[in-house]
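Everything below belongs to target_21.txt, which stores compact mmCIF, C-alpha atoms.
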```
# COMPACT_ATOMS: atom_id res chain seq x y z
CA MET J 1 42.91 -32.04 79.40
CA LYS J 2 39.91 -32.15 77.09
CA THR J 3 38.13 -34.71 79.23
CA ASP J 4 38.51 -32.38 82.18
CA ILE J 5 36.68 -29.70 80.29
CA ALA J 6 34.00 -32.15 79.22
CA LYS J 7 33.54 -33.14 82.84
CA LEU J 8 33.52 -29.54 83.88
CA LEU J 9 30.84 -28.72 81.36
CA GLN J 10 28.85 -31.77 82.39
CA LYS J 11 29.00 -30.56 85.96
CA LYS J 12 28.03 -27.06 84.96
CA LYS J 13 25.33 -28.28 82.59
CA LYS J 14 22.50 -26.81 84.56
CA GLN J 15 24.12 -23.42 84.70
CA LEU J 16 24.96 -23.69 81.02
CA LEU J 17 21.37 -24.46 80.11
CA GLU J 18 20.11 -21.61 82.27
CA SER J 19 22.47 -19.12 80.72
CA TRP J 20 21.68 -20.38 77.24
CA MET J 21 17.96 -20.13 77.92
CA THR J 22 18.34 -16.61 79.28
CA LYS J 23 20.22 -15.63 76.15
CA GLN J 24 17.57 -17.12 73.93
CA LEU J 25 14.72 -15.62 75.90
CA SER J 26 16.32 -12.20 76.10
CA ASP J 27 16.36 -11.97 72.32
CA ALA J 28 13.92 -9.30 71.32
CA MET J 29 12.76 -11.34 68.34
CA LEU J 30 11.71 -14.36 70.43
CA ARG J 31 8.76 -16.07 68.79
CA GLU J 32 6.57 -17.12 71.64
CA ASP J 33 3.73 -17.54 69.19
CA LEU J 34 5.55 -20.36 67.42
CA MET J 35 7.02 -22.22 70.38
CA SER J 36 6.41 -22.09 74.13
CA ASN J 37 9.23 -21.60 76.58
CA GLU J 38 8.82 -25.11 77.98
CA GLU J 39 9.16 -26.61 74.54
CA LEU J 40 12.21 -24.51 73.86
CA ARG J 41 13.78 -25.58 77.15
CA GLU J 42 13.10 -29.23 76.45
CA GLN J 43 14.55 -28.93 72.96
CA SER J 44 17.63 -27.11 74.22
CA ASN J 45 18.13 -29.62 77.00
CA GLU J 46 18.03 -32.55 74.60
CA PHE J 47 20.51 -30.93 72.27
CA LEU J 48 22.85 -29.95 75.10
CA ASP J 49 22.76 -33.51 76.46
CA GLU J 50 23.82 -34.94 73.15
CA LEU J 51 26.45 -32.29 72.61
CA LEU J 52 28.10 -32.85 75.98
CA LYS J 53 28.03 -36.59 75.42
CA ALA J 54 29.83 -36.11 72.13
CA VAL J 55 32.33 -33.65 73.61
CA ALA J 56 33.17 -36.20 76.30
CA THR J 57 34.49 -38.56 73.61
CA ASN J 58 37.47 -36.28 73.11
CA HIS J 59 36.72 -35.03 69.60
CA VAL J 60 35.95 -31.41 70.22
CA GLU J 61 36.95 -30.06 66.85
CA ASP J 62 36.09 -32.89 64.50
CA ILE J 63 32.42 -32.53 63.60
CA ASN J 64 32.65 -35.55 61.29
CA ALA J 65 33.54 -37.92 64.14
CA PRO J 66 30.97 -40.69 64.64
CA ALA J 67 30.27 -39.33 68.10
CA TYR J 68 28.61 -36.30 66.53
CA GLU J 69 26.15 -38.28 64.39
CA GLN J 70 23.54 -38.12 67.13
CA VAL J 71 24.17 -34.41 67.74
CA LYS J 72 23.78 -33.61 64.08
CA GLU J 73 20.63 -35.67 63.90
CA VAL J 74 19.02 -33.87 66.82
CA LEU J 75 20.10 -30.50 65.46
CA SER J 76 18.78 -31.32 61.96
CA GLY J 77 15.47 -32.35 63.45
CA ILE J 78 15.25 -29.09 65.34
CA SER J 79 16.14 -26.88 62.40
CA ILE J 80 13.86 -28.71 59.94
CA SER J 81 10.95 -28.40 62.32
CA ARG J 82 11.80 -24.73 62.80
CA ALA J 83 11.83 -24.19 59.04
CA LYS J 84 8.40 -25.78 58.79
CA GLN J 85 7.05 -23.80 61.74
CA GLY J 86 8.02 -20.58 60.01
CA PHE J 87 11.03 -19.43 62.06
CA SER J 88 13.23 -16.96 60.24
CA PRO J 89 16.82 -17.89 59.31
CA ARG J 90 18.07 -15.40 61.90
CA GLU J 91 16.12 -16.99 64.71
CA THR J 92 17.31 -20.45 63.77
CA GLY J 93 20.90 -19.24 63.60
CA ILE J 94 20.75 -17.49 66.94
CA TYR J 95 19.56 -20.70 68.56
CA VAL J 96 22.96 -22.30 68.01
CA PHE J 97 25.13 -19.22 68.29
CA SER J 98 23.69 -18.19 71.63
CA LEU J 99 24.93 -21.52 72.99
CA LYS J 100 28.43 -20.47 71.97
CA GLU J 101 28.18 -17.40 74.15
CA ALA J 102 26.85 -19.44 77.05
CA ILE J 103 29.69 -21.94 76.81
CA GLN J 104 32.26 -19.17 76.57
CA GLN J 105 30.85 -17.56 79.67
CA VAL J 106 31.04 -20.78 81.67
CA LEU J 107 34.58 -21.45 80.46
CA LYS J 108 35.62 -17.94 81.38
CA GLU J 109 34.29 -18.31 84.88
CA GLU J 110 35.76 -21.76 85.48
CA ILE J 111 39.24 -21.60 84.00
CA SER J 112 40.08 -17.92 84.27
CA ASP J 113 43.37 -18.81 85.99
CA ASP J 114 44.85 -20.56 82.95
CA ILE J 115 44.75 -18.13 80.03
CA GLN J 116 46.46 -20.55 77.67
CA LEU J 117 43.91 -23.28 78.32
CA LEU J 118 41.02 -20.86 78.20
CA TYR J 119 42.16 -19.59 74.85
CA GLN J 120 42.65 -23.09 73.46
CA THR J 121 39.29 -24.37 74.63
CA THR J 122 37.41 -21.29 73.55
CA LEU J 123 38.95 -21.62 70.13
CA SER J 124 38.01 -25.27 69.72
CA PHE J 125 34.48 -24.72 71.00
CA ASN J 126 34.11 -21.80 68.63
CA LYS J 127 35.10 -24.02 65.77
CA LEU J 128 32.76 -26.78 66.87
CA LEU J 129 29.76 -24.49 67.25
CA ASP J 130 30.47 -22.77 63.97
CA SER J 131 30.35 -26.14 62.22
CA LEU J 132 27.15 -26.92 64.04
CA GLY J 133 25.82 -23.57 62.86
CA VAL J 134 26.59 -24.56 59.30
CA VAL J 135 24.78 -27.88 59.80
CA THR J 136 21.79 -26.00 61.20
CA PHE J 137 21.69 -23.74 58.23
CA GLU J 138 22.03 -26.48 55.71
CA THR J 139 19.16 -28.44 57.18
CA TYR J 140 17.11 -25.30 57.69
CA ILE J 141 17.37 -24.52 53.98
CA LYS J 142 16.62 -28.12 53.17
CA GLY J 143 13.51 -27.93 55.33
CA ARG J 144 12.42 -24.76 53.58
CA GLU J 145 13.01 -26.31 50.19
CA GLU J 146 10.85 -29.26 51.15
CA VAL J 147 8.07 -26.85 52.06
CA ILE J 148 8.47 -25.07 48.72
CA MET J 149 8.49 -28.34 46.80
CA ARG J 150 5.32 -29.47 48.51
CA GLN J 151 3.63 -26.20 47.74
CA THR J 152 4.73 -26.37 44.11
CA ASP J 153 3.23 -29.84 43.85
CA GLU J 154 0.01 -28.61 45.39
CA ILE J 155 -0.18 -25.65 43.05
CA THR J 156 0.40 -27.83 40.00
CA GLU J 157 -2.29 -30.18 41.23
CA ILE J 158 -4.79 -27.40 41.89
CA SER J 159 -4.01 -25.31 38.86
CA THR J 160 -4.97 -27.86 36.23
CA PRO J 161 -8.65 -28.53 36.70
CA VAL J 162 -10.42 -30.20 33.80
CA ILE J 163 -14.05 -29.14 33.73
CA GLN J 164 -16.81 -30.79 31.81
CA VAL J 165 -18.87 -27.87 30.53
CA TRP J 166 -21.24 -29.95 28.47
CA GLU J 167 -21.70 -33.54 27.49
CA GLY J 168 -18.78 -34.17 25.19
CA ILE J 169 -17.08 -30.83 25.84
CA LEU J 170 -14.21 -30.35 28.28
CA ALA J 171 -12.70 -27.03 29.28
CA LEU J 172 -9.28 -26.57 30.78
CA PRO J 173 -8.46 -23.08 32.01
CA ILE J 174 -4.70 -22.68 32.33
CA ILE J 175 -3.60 -20.10 34.87
CA GLY J 176 0.05 -19.21 35.30
CA THR J 177 3.12 -19.91 33.25
CA LEU J 178 3.33 -23.10 31.25
CA ASP J 179 6.61 -24.96 31.57
CA SER J 180 7.49 -28.45 30.41
CA ALA J 181 6.65 -30.12 33.71
CA ARG J 182 3.30 -28.39 33.91
CA THR J 183 2.45 -29.09 30.29
CA GLN J 184 3.05 -32.73 31.01
CA VAL J 185 0.60 -32.64 33.94
CA VAL J 186 -1.94 -30.63 31.94
CA MET J 187 -1.68 -33.00 29.01
CA GLU J 188 -1.99 -36.13 31.13
CA ASN J 189 -4.98 -34.78 33.06
CA LEU J 190 -6.72 -33.65 29.90
CA LEU J 191 -6.17 -36.90 28.01
CA GLN J 192 -7.23 -38.96 31.02
CA GLU J 193 -10.39 -36.92 31.37
CA ILE J 194 -11.12 -37.27 27.65
CA VAL J 195 -10.99 -41.05 28.02
CA GLU J 196 -13.11 -41.03 31.17
CA THR J 197 -15.85 -38.76 29.89
CA GLY J 198 -15.70 -39.80 26.26
CA SER J 199 -15.56 -36.16 25.23
CA THR J 200 -14.83 -35.22 21.64
CA ILE J 201 -13.99 -31.56 22.14
CA ALA J 202 -11.49 -30.00 24.51
CA ILE J 203 -11.17 -26.25 25.00
CA LEU J 204 -7.80 -24.99 26.26
CA ASP J 205 -8.32 -21.54 27.72
CA ILE J 206 -5.07 -19.61 27.96
CA SER J 207 -6.46 -16.25 29.11
CA GLY J 208 -4.68 -16.79 32.43
CA VAL J 209 -1.29 -17.40 30.85
CA PRO J 210 0.73 -14.21 31.34
CA ALA J 211 3.00 -14.63 28.33
CA VAL J 212 3.30 -16.96 25.41
CA ASP J 213 6.79 -17.51 24.05
CA SER J 214 7.91 -20.05 21.50
CA LEU J 215 8.39 -22.70 24.17
CA VAL J 216 4.90 -22.27 25.60
CA ALA J 217 3.48 -22.28 22.09
CA GLN J 218 5.30 -25.50 21.36
CA HIS J 219 3.81 -27.03 24.50
CA LEU J 220 0.35 -25.93 23.41
CA ILE J 221 0.84 -27.37 19.94
CA LYS J 222 1.96 -30.66 21.50
CA THR J 223 -1.13 -30.81 23.70
CA VAL J 224 -3.39 -30.15 20.73
CA ALA J 225 -1.63 -32.83 18.66
CA ALA J 226 -1.95 -35.34 21.51
CA THR J 227 -5.69 -34.71 21.88
CA ARG J 228 -6.07 -35.16 18.14
CA LEU J 229 -4.32 -38.52 18.36
CA MET J 230 -6.84 -39.52 21.00
CA GLY J 231 -9.60 -38.73 18.55
CA ALA J 232 -10.79 -35.48 20.05
CA GLU J 233 -10.69 -31.95 18.67
CA CYS J 234 -8.88 -29.26 20.61
CA ILE J 235 -9.73 -25.57 20.56
CA ILE J 236 -7.47 -22.92 22.04
CA SER J 237 -9.36 -19.97 23.45
CA GLY J 238 -8.55 -16.82 25.35
CA ILE J 239 -6.01 -15.44 22.91
CA ARG J 240 -5.52 -11.87 24.06
CA PRO J 241 -4.32 -9.19 21.64
CA GLU J 242 -0.84 -9.15 23.21
CA ILE J 243 -0.58 -12.92 22.83
CA ALA J 244 -1.67 -12.73 19.20
CA GLN J 245 0.99 -10.09 18.61
CA THR J 246 3.82 -12.07 20.19
CA VAL J 247 2.77 -15.29 18.47
CA VAL J 248 2.87 -13.65 15.07
CA HIS J 249 6.09 -11.78 15.82
CA LEU J 250 7.77 -15.00 16.89
CA GLY J 251 6.63 -16.63 13.67
CA ILE J 252 4.71 -19.43 15.38
CA ASP J 253 2.29 -21.17 13.08
CA LEU J 254 -1.03 -21.80 14.80
CA SER J 255 -2.99 -21.88 11.54
CA ASN J 256 -3.89 -25.56 11.75
CA ILE J 257 -5.27 -25.18 15.25
CA VAL J 258 -8.72 -23.77 15.91
CA THR J 259 -8.24 -20.62 17.98
CA LYS J 260 -10.91 -18.41 19.50
CA SER J 261 -10.66 -15.14 21.37
CA SER J 262 -12.89 -16.08 24.29
CA LEU J 263 -14.13 -19.18 26.04
CA ALA J 264 -17.68 -18.19 25.06
CA SER J 265 -16.91 -18.19 21.36
CA ALA J 266 -15.02 -21.46 21.70
CA LEU J 267 -18.06 -22.97 23.41
CA LYS J 268 -20.29 -21.67 20.64
CA TYR J 269 -18.01 -23.24 18.06
CA ALA J 270 -18.04 -26.52 20.01
CA PHE J 271 -21.84 -26.49 20.11
CA GLY J 272 -21.80 -25.99 16.37
CA MET J 273 -19.52 -28.99 15.92
CA LEU J 274 -21.80 -31.17 18.02
CA LYS J 275 -24.82 -29.80 16.12
CA LEU J 276 -26.26 -28.34 19.31
CA GLU J 277 -28.23 -25.13 19.47
CA VAL J 278 -28.82 -22.72 22.32
CA LYS J 279 -32.22 -21.10 22.16
CA LYS J 280 -33.91 -18.41 24.15
CA ASN J 281 -37.06 -19.62 25.81
CA HIS J 282 -40.03 -17.46 24.83
CA LYS J 283 -42.62 -19.64 26.57
CA GLU J 284 -42.38 -17.92 29.95
CA LYS J 285 -43.69 -14.67 28.52
CA THR J 286 -46.91 -16.24 27.39
CA THR J 287 -47.62 -17.89 30.74
CA GLU J 288 -47.20 -14.66 32.70
CA MET Z 1 3.71 -67.57 13.43
CA GLU Z 2 1.47 -65.18 15.31
CA ARG Z 3 -0.77 -62.95 13.30
CA ILE Z 4 -3.20 -60.20 14.12
CA PRO Z 5 -6.64 -61.15 12.80
CA ILE Z 6 -8.27 -58.80 10.31
CA LEU Z 7 -12.06 -58.92 10.36
CA ARG Z 8 -14.27 -57.83 7.55
CA MET Z 9 -17.40 -55.88 8.37
CA GLY Z 10 -19.27 -54.81 5.27
CA LYS Z 11 -17.24 -52.15 3.55
CA PHE Z 12 -14.79 -51.90 6.43
CA LEU Z 13 -11.93 -53.88 7.84
CA LEU Z 14 -11.62 -54.21 11.59
CA VAL Z 15 -8.32 -54.82 13.37
CA THR Z 16 -8.11 -55.02 17.14
CA ILE Z 17 -4.65 -55.22 18.60
CA GLN Z 18 -4.95 -57.06 21.88
CA ILE Z 19 -1.30 -57.80 22.56
CA ASP Z 20 1.77 -55.64 22.64
CA LEU Z 21 3.15 -55.46 19.14
CA TYR Z 22 6.68 -56.43 18.37
CA ASP Z 23 8.33 -55.27 15.18
CA ARG Z 24 7.84 -58.45 13.16
CA LEU Z 25 4.16 -58.63 14.06
CA ALA Z 26 3.70 -55.01 13.06
CA THR Z 27 5.31 -55.41 9.63
CA ASN Z 28 3.21 -58.55 9.05
CA LEU Z 29 0.08 -56.62 9.99
CA GLU Z 30 1.01 -53.88 7.54
CA ALA Z 31 1.48 -56.36 4.70
CA ASP Z 32 -1.65 -58.38 5.54
CA LEU Z 33 -3.78 -55.31 5.83
CA VAL Z 34 -2.75 -53.94 2.44
CA GLN Z 35 -3.43 -57.35 0.90
CA MET Z 36 -6.86 -57.47 2.53
CA VAL Z 37 -7.76 -53.97 1.38
CA ASN Z 38 -6.88 -55.02 -2.14
CA LYS Z 39 -8.72 -58.36 -1.96
CA THR Z 40 -11.94 -57.09 -0.38
CA GLY Z 41 -12.01 -53.63 -1.86
CA ALA Z 42 -12.63 -52.23 1.59
CA ARG Z 43 -13.39 -48.53 1.87
CA GLY Z 44 -12.33 -48.08 5.48
CA VAL Z 45 -9.90 -49.58 7.96
CA LEU Z 46 -10.52 -49.33 11.69
CA ILE Z 47 -7.63 -50.13 13.99
CA ASP Z 48 -8.41 -50.46 17.69
CA ILE Z 49 -5.31 -49.93 19.80
CA SER Z 50 -7.03 -49.52 23.18
CA ALA Z 51 -5.09 -52.46 24.61
CA LEU Z 52 -1.78 -51.17 23.36
CA SER Z 53 0.16 -49.69 26.23
CA ILE Z 54 3.67 -49.52 24.81
CA VAL Z 55 4.52 -47.78 21.60
CA ASP Z 56 7.83 -46.86 20.00
CA SER Z 57 8.80 -44.83 16.97
CA PHE Z 58 8.69 -47.93 14.76
CA MET Z 59 5.11 -48.71 15.78
CA GLY Z 60 4.17 -45.09 15.24
CA ARG Z 61 5.63 -45.22 11.76
CA ILE Z 62 3.85 -48.47 10.93
CA LEU Z 63 0.53 -46.90 11.93
CA GLY Z 64 1.30 -43.87 9.78
CA ASN Z 65 2.35 -46.15 6.90
CA ILE Z 66 -0.86 -48.15 7.09
CA GLY Z 67 -2.77 -44.88 6.89
CA SER Z 68 -0.88 -43.62 3.83
CA MET Z 69 -0.99 -47.01 2.06
CA SER Z 70 -4.73 -47.37 2.58
CA LYS Z 71 -5.21 -43.80 1.42
CA ILE Z 72 -3.63 -44.44 -1.96
CA MET Z 73 -5.73 -47.61 -2.25
CA ASP Z 74 -8.85 -45.49 -1.63
CA ALA Z 75 -9.56 -46.54 1.93
CA GLU Z 76 -9.76 -44.31 4.99
CA THR Z 77 -7.96 -45.34 8.17
CA VAL Z 78 -9.21 -44.61 11.66
CA VAL Z 79 -7.14 -45.37 14.74
CA VAL Z 80 -9.36 -45.63 17.81
CA GLY Z 81 -8.98 -45.93 21.57
CA MET Z 82 -5.47 -44.60 21.94
CA GLN Z 83 -4.27 -44.53 25.54
CA PRO Z 84 -3.24 -41.10 26.91
CA ALA Z 85 0.27 -42.36 27.62
CA VAL Z 86 0.59 -43.65 24.06
CA ALA Z 87 -0.62 -40.33 22.64
CA ILE Z 88 1.91 -38.40 24.72
CA THR Z 89 4.71 -40.76 23.69
CA LEU Z 90 3.89 -40.39 20.00
CA ILE Z 91 3.82 -36.59 20.30
CA GLU Z 92 7.14 -36.58 22.15
CA LEU Z 93 8.56 -38.74 19.37
CA GLY Z 94 7.34 -36.15 16.89
CA LEU Z 95 4.87 -38.50 15.20
CA GLU Z 96 1.55 -36.83 14.63
CA LEU Z 97 0.11 -39.61 12.45
CA LYS Z 98 -0.89 -37.28 9.65
CA GLY Z 99 -3.24 -38.88 7.16
CA VAL Z 100 -4.75 -41.11 9.84
CA HIS Z 101 -8.07 -40.23 11.42
CA THR Z 102 -8.52 -40.79 15.12
CA ALA Z 103 -11.55 -41.43 17.30
CA LEU Z 104 -12.14 -42.06 20.97
CA ASN Z 105 -13.71 -45.50 20.68
CA VAL Z 106 -14.84 -48.07 18.12
CA GLU Z 107 -18.37 -46.67 18.04
CA LYS Z 108 -17.23 -43.14 17.25
CA GLY Z 109 -14.66 -44.47 14.80
CA MET Z 110 -17.30 -46.41 12.88
CA GLU Z 111 -19.51 -43.34 12.78
CA LEU Z 112 -16.63 -41.28 11.45
CA LEU Z 113 -15.83 -43.84 8.75
CA LYS Z 114 -19.46 -44.04 7.67
CA THR Z 115 -19.87 -40.29 7.38
CA ARG Z 116 -16.64 -39.96 5.43
CA ILE Z 117 -17.50 -42.77 3.01
CA ASP Z 118 -21.06 -41.45 2.59
CA ALA Z 119 -19.74 -37.99 1.86
CA GLU Z 120 -17.40 -39.37 -0.77
CA ASP Z 121 -20.13 -41.49 -2.33
CA GLU Z 122 -22.46 -38.51 -2.50
CA GLU Z 123 -19.83 -36.52 -4.31
CA ILE Z 124 -19.42 -39.31 -6.83
CA ILE Z 125 -23.18 -39.63 -7.31
CA GLU Z 126 -23.49 -35.90 -7.79
CA GLU Z 127 -20.72 -35.94 -10.34
CA GLU Z 128 -22.38 -38.86 -12.14
CA ASP Z 129 -25.71 -37.02 -12.11
CA GLU Z 130 -24.09 -33.96 -13.57
CA ALA Z 131 -22.44 -36.09 -16.23
CA GLY Z 132 -25.79 -37.80 -16.99
CA THR Z 133 -27.74 -34.58 -17.43
CA GLU Z 134 -25.26 -33.01 -19.72
```
Would you mind writing the file's structure down as C-alpha cells?
Amino acid sequence: MKTDIAKLLQKKKKQLLESWMTKQLSDAMLREDLMSNEELREQSNEFLDELLKAVATNHVEDINAPAYEQVKEVLSGISISRAKQGFSPRETGIYVFSLKEAIQQVLKEEISDDIQLLYQTTLSFNKLLDSLGVVTFETYIKGREEVIMRQTDEITEISTPVIQVWEGILALPIIGTLDSARTQVVMENLLQEIVETGSTIAILDISGVPAVDSLVAQHLIKTVAATRLMGAECIISGIRPEIAQTVVHLGIDLSNIVTKSSLASALKYAFGMLKLEVKKNHKEKTTE
Amino acid sequence: MERIPILRMGKFLLVTIQIDLYDRLATNLEADLVQMVNKTGARGVLIDISALSIVDSFMGRILGNIGSMSKIMDAETVVVGMQPAVAITLIELGLELKGVHTALNVEKGMELLKTRIDAEDEEIIEEEDEAGTE
C-alpha cells in the first residue's frame, strides 16, 4: 500500500514540485533578495528527490530510519545556509510546511475515492513532515548559534587592543562588560605585549566598562597582580564617579593598586615613573 | 644528583633556571641558595625563570619562600623573565609572590637590585654620618 503511494508521488513529482514552488513563491514574505527563484527551485528539487527516495523505502513515519539520513542531511544543509543568509525563522519553517500542503493536495486529487487510505496517508505524511520541520528548526537554531559564536569571538578579538602609547608604556582600553573569559583574553594579550615590547608600565583604562561589580573588580585585581609578577607596574585609569561609589559600597579594596581618574593623568603618572617630562616648545615663537 | 648552578656576581647571586623544575630540585635550590647567601654575604638574589614554562603551587611557594628567607638574611630577591602563562597560573593559584620583586628581564632586574641596594646603603651612610656628627 505504502509503496503504491511512493510510486504515485514519484510519478506526480513534477506536479508536486510545481505546486510546492507556487506555494513558496506566493508567500508574501518571499525573500528574493536573499535567494533567486532558480536557486530555490534547485534546492527544493534536491530535497524532494531525497525525500521521495526515502519514502519509497517504506518507512513513512519513522524519521530515525537510516533511509532518512540523507534527507536530514540535505535539510540541515539548507536550513543552516538559510540561517547564515539571514532568513527569518518563519521563512525557514514555511519552506518545509508548504511542502506538506503540496503533498496533501496531490494525495487528495489522486486517492479521493478511498477516504480511509487518504486519511491514513495524510496522517502519516503530516507526522513525517512535522518531524522534518523540527529537524529544520533545530539546525536553523544551530546555524544561528554558530553565527553568534563567531561574532562573539570576533568582538572579543577586536575589543582588546593593546596600544603602545610610549616607549615602555602600554595602554589597554577596555570597552564592554568584563567577564571571566574576556579577562582571560585581556590578561593574555596584555602580558604577551608586555613581553614583546619590554614595557614596564601598563595602563588599564576602564572608562568603557559600564559597571564594576565585585566579580569585575576581582578580575581587574587579578590582571594587576599578574602584570606585577611579570615585573611591570599596572595603573587602572578611567574610574568614573559611579564606579568609585560602587567599589567603595561593595567594600572592594583597591588601595594597593594605583588608580587614576583619566587616561591623561595615568599617562602623566607613568611619565613621572619613567622620569620623562613633557615640555611646551617655546622656540617657534622666537623664529616667527 | 642534578643541581641548579648559583653564580656569584659581585654583591649578587645569579640563578638561571633552564630546565623544568621538579619538587626535589626546587627544595635543593632553596637550601643551596640560603647557604650561598650566608656564605657570600650577598645583598641581592636574581632568579631568571624565563625558560620555565610549567609552574605549580609548590614551585610558586618555593619562589615565595626564597624571597622571604633572603629578606630575613638581608638580601633582596628579584624574579625576572616570567612567562605570561606562568604569571596567569600563579595568579589563578592565588600566589602573588609578596616580598619578591619582579622585573621583565635580567637587565632590568639587575638595575632594580642595584638601585635598591644603593638606596639602602645611602640610608646607612646617612645614619652613620648623623651618628658621627653628634
Practice problem: Check the smallest atom-to-atom distance from each of J:Thr92, J:Gln70, J:Thr156, J:Ser199 to chain Z using all atoms listed in the file, then report the winner. | Solution: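 Looking only at the distances to chain Z, the closest residue turns out to be J:Ser199.
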Quiz prompt | Among listed residues J:Arg41, J:Lys283, J:Lys260, J:Lys127, nearest Trp20 in chain J (using only C-alpha atoms) | solution =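 Closest to Trp20 in chain J of all the choices is J:Arg41.
Interatomic distance, CA of Glu122 in chain Z against CA of Ile66 in chain Z: 25.5 Å.
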Practice problem: Could you check which of Z:Met59, Z:Leu46, Z:Ala131, Z:Ala87 is closest to Val106 in chain Z, using only C-alpha atoms? | Solution: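 The shortest atom-to-atom distance to Val106 in chain Z comes from Z:Leu46.
The gap separating CA of Leu274 in chain J from CA of Ile124 in chain Z is 26.3 Å, in Å to one decimal.
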Practice problem: Find the spatial neighbours of Ser265 in chain J, counting only C-alpha atoms, within a cut-off of 10 Å - ignore same-chain residues fewer than 6 positions away - and output them as a list of chain:residue names. | Solution: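 Returned residues: J:Ser237, J:Gly238, J:Thr259, J:Phe271.
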Practice problem: Calculate how many Å separate CA of Gln104 in chain J from CA of Asn64 in chain J, rounding to one decimal. | Solution: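 For CA of Gln104 in chain J relative to CA of Asn64 in chain J, the distance reads 22.4 Å.
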Quiz item: Counting all atoms listed in the file, what is within 9 Å of Lys98 in chain Z, bar same-chain residues fewer than 3 positions away, as a ChimeraX atom specification?
Solution: /Z:64,67-68,95,101
Practice problem: Residues of chain Z near chain J: apply a cut-off of 7 Å, count all atoms listed in the file, and supply the list as a list in words. | Solution: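 Therefore, the residues near the partner are Val80, Gly81, Met82, Pro84, Ala87, Ile88, Ile91, Glu96, Thr102, Ala103 and Leu104 of chain Z.
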